[in-house]
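**Student:** Attaching a single structure in structure tokens format; questions to follow.
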Amino acid sequence: MKVRGNLAMAETTQERYTIEDIFALPDGERAELIDGRMYRMDSPARVHQKLLGELHYLIKSHIREHKGDCEVYLAPFAVFINRDRYNYVEPDIVVVCDPERLDDKGCQGAPDWVIEIVSPGSRKMDCSIKLFKYRTTGVREYWIVDPLKKTVIVHRFETDDYAEYNFADKVPVGIYEDFEMDFTQVDIS
């Protein structure tokens, strides 16, 4: 296997990997699997982790305050997106509103809302490969948060809406009628 950036590319043999290969990785190594291709994951930067914690807190607080049924998880959290042996992702944040999709291993099928925090090494993965996978597997809403550009790209797949915001905006959450995330309150300094 050849590694370019954080994307692991199969050699010319085009070996097809499975979830068993993911589970066999050495301790401390993480990877995702999309259509049988394995993509190794770099360790996140400090700003990524800080933003991850802030967003998780805001979502969790909203769900609790409104006595919502959805559950929010942060990476690493297993999502068996296609419910097969060839697809496994660990999004930065997932919100799951159907308790039937949750088990002790993680989420079986598409979460309702996925947030990925972009890093220089994950841009292609988050903005292209995962965008297509999430759109085609039933994710209702997908956010790509870029701490360097201070932007939030929102894809609402149910309505085929797309919007781009910046960290000076309040970003409405499509899966909730009464929730918008005020990015001016998000501290990533």
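By convention in this document, the chains of the structure tokens carry letters A, B, ... by their order, each chain's residues are numbered from 1, and ligands are numbered from 1 in the order they are shown.
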At most 9 Å is the cut-off: for each residue in segment 62-91 of chain A with any atom that close to an atom of segment 126-147 of chain A, write down the nearest atom pair and the distance in Å rounded to one decimal, counting only C-alpha atoms, chain first then increasing number, as a Markdown table.

**Tutor:**
| residue | atom | partner | partner_atom | distance |
| --- | --- | --- | --- | --- |
| A:Ile81 | CA | A:Thr137 | CA | 6.9 |
| A:Asn82 | CA | A:Thr137 | CA | 6.7 |
| A:Val89 | CA | A:Lys130 | CA | 8.9 |

**Student:** List the spatial neighbours of Arg30 of chain A as a list in words - criterion: any atom at most 8 Å away, only C-alpha atoms, same-chain residues fewer than 2 positions off excluded.

**Tutor:**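 Once the nearby chain positions are removed, what remains is Ile22, Leu25, Gly28, Glu32, Arg40, Met41 and Asp42 of chain A.
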
**Student:** Take the residues from that selection and write them out as an mmCIF file, in the first residue's frame, keeping C-alpha atoms.

**Tutor:**
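Wrote result36.cif, looks like this:
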data_model
loop_
_atom_site.group_PDB
_atom_site.id
_atom_site.type_symbol
_atom_site.label_atom_id
_atom_site.label_comp_id
_atom_site.auth_asym_id
_atom_site.auth_seq_id
_atom_site.Cartn_x
_atom_site.Cartn_y
_atom_site.Cartn_z
ATOM 1 C CA ILE A 22 -9.845 -1.991 9.907
ATOM 2 C CA LEU A 25 -4.949 -2.294 12.490
ATOM 3 C CA GLY A 28 -3.386 3.717 17.847
ATOM 4 C CA GLU A 32 -11.797 4.625 7.285
ATOM 5 C CA ARG A 40 -5.602 6.186 7.011
ATOM 6 C CA MET A 41 -6.390 9.031 9.393
ATOM 7 C CA ASP A 42 -3.853 11.485 10.784
#

**Student:** Under the rule that only C-alpha atoms are counted, which of A:Glu20, A:Asp187, A:Asp160, A:Glu15 is the nearest residue to Gly36 of chain A?

**Tutor:**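 The shortest atom-to-atom distance to Gly36 of chain A comes from A:Glu15.
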
**Student:** Considering only C-alpha atoms, state which residue in the set A:Ile115, A:Val186, A:Leu58, A:Val154 is at the smallest distance from Ala168 of chain A.

**Tutor:**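 Closest to Ala168 of chain A of all the choices is A:Val186.
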
**Student:** Run DSSP on the backbone and give me the residues of segment 40-184 of chain A it puts in alpha helix (DSSP H), as a PyMOL selection string.

**Tutor:** chain A and resi 46-65+123-124+130-137

**Student:** Nearest residue to Val173 of chain A out of A:Arg123, A:Lys105, A:His62, A:Arg83, using only C-alpha atoms?

**Tutor:** A:His62

**Student:** Applying 10 Å and only C-alpha atoms, which residues near Asp21 of chain A remain after dropping the ones on its own chain fewer than 4 positions away? List them as a list in words.

**Tutor:**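 My list of contacting residues is Arg16, Tyr17, Leu25, Ala31, Leu33, Met38, Arg85 and Tyr86 of chain A.
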
**Student:** Suppose we keep C-alpha atoms; can you now write the selection as a PDB file, in the first residue's frame?

**Tutor:**
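Listing of part-v4.pdb after writing:
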ATOM      1  CA  ARG A  16     -10.275  -4.541  -1.676  1.00  0.00           C
ATOM      2  CA  TYR A  17     -10.210  -4.040   2.080  1.00  0.00           C
ATOM      3  CA  LEU A  25      -4.949  -2.294  12.490  1.00  0.00           C
ATOM      4  CA  ALA A  31      -8.534   4.386   9.153  1.00  0.00           C
ATOM      5  CA  LEU A  33     -13.080   2.338   4.595  1.00  0.00           C
ATOM      6  CA  MET A  38      -8.743   2.161   3.077  1.00  0.00           C
ATOM      7  CA  ARG A  85     -18.072  -5.205   4.980  1.00  0.00           C
ATOM      8  CA  TYR A  86     -16.614  -2.524   2.693  1.00  0.00           C
TER       9      TYR A  86
END

**Student:** Rank A:Ala110, A:Asp104, A:Asn87, A:Arg156 by their smallest atom-to-atom distance to Ile34 of chain A, using only C-alpha atoms, and report the top residue only.

**Tutor:** A:Asn87

**Student:** How many Å lie between atom CA of Glu29 of chain A and atom CA of Val114 of chain A, rounded to one decimal?

**Tutor:**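 Taking atom CA of Glu29 of chain A and atom CA of Val114 of chain A, their separation equals 22.2 Å.
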
**Student:** Please identify the strand (DSSP E or B) residues within segment 6-163 of chain A (assignment by DSSP from backbone atoms) and present them as a ChimeraX atom specification.

**Tutor:** /A:7-9,30-34,37-41,71-74,79-80,88-89,93-96,102-103,106-108,113-117,141-146,151-156,161-163

**Student:** So, with only C-alpha atoms as the atoms that count, which of A:Lys50, A:Gln108, A:Gly174, A:Asp35 lies closest to Phe80 of chain A?

**Tutor:** A:Gln108

**Student:** Could you check the closest approach to Gln185 of chain A for each of A:Phe23, A:Lys170, A:Gly109, A:Glu100 and tell me which residue wins, using only C-alpha atoms?

**Tutor:** A:Lys170

**Student:** Record the distance separating atom CA of Asn166 of chain A and atom CA of Cys70 of chain A, expressed in Å with one decimal.

**Tutor:** 26.0 Å

**Student:** Give me the residues within 9 Å of Pro44 of chain A as a PDB file with N, CA and C atoms, in the first residue's frame, counting only C-alpha atoms and dropping any in the same chain fewer than 4 places off.

**Tutor:**
ATOM      1  N   HIS A  48      -8.518  21.536  15.833  1.00  0.00           N
ATOM      2  CA  HIS A  48      -9.544  20.574  15.441  1.00  0.00           C
ATOM      3  C   HIS A  48     -10.235  20.021  16.679  1.00  0.00           C
ATOM      4  N   GLN A  49      -9.451  19.603  17.668  1.00  0.00           N
ATOM      5  CA  GLN A  49     -10.012  19.020  18.887  1.00  0.00           C
ATOM      6  C   GLN A  49     -10.814  20.049  19.677  1.00  0.00           C
ATOM      7  N   SER A 119      -9.145  19.384   7.824  1.00  0.00           N
ATOM      8  CA  SER A 119      -7.746  19.723   8.034  1.00  0.00           C
ATOM      9  C   SER A 119      -7.087  19.705   6.657  1.00  0.00           C
TER      10      SER A 119
END

**Student:** Mind giving me the straight-line distance from atom CA of Glu116 of chain A to atom CA of Ile93 of chain A in Å, one decimal?

**Tutor:**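 Here the two named atoms are 6.7 Å from each other.
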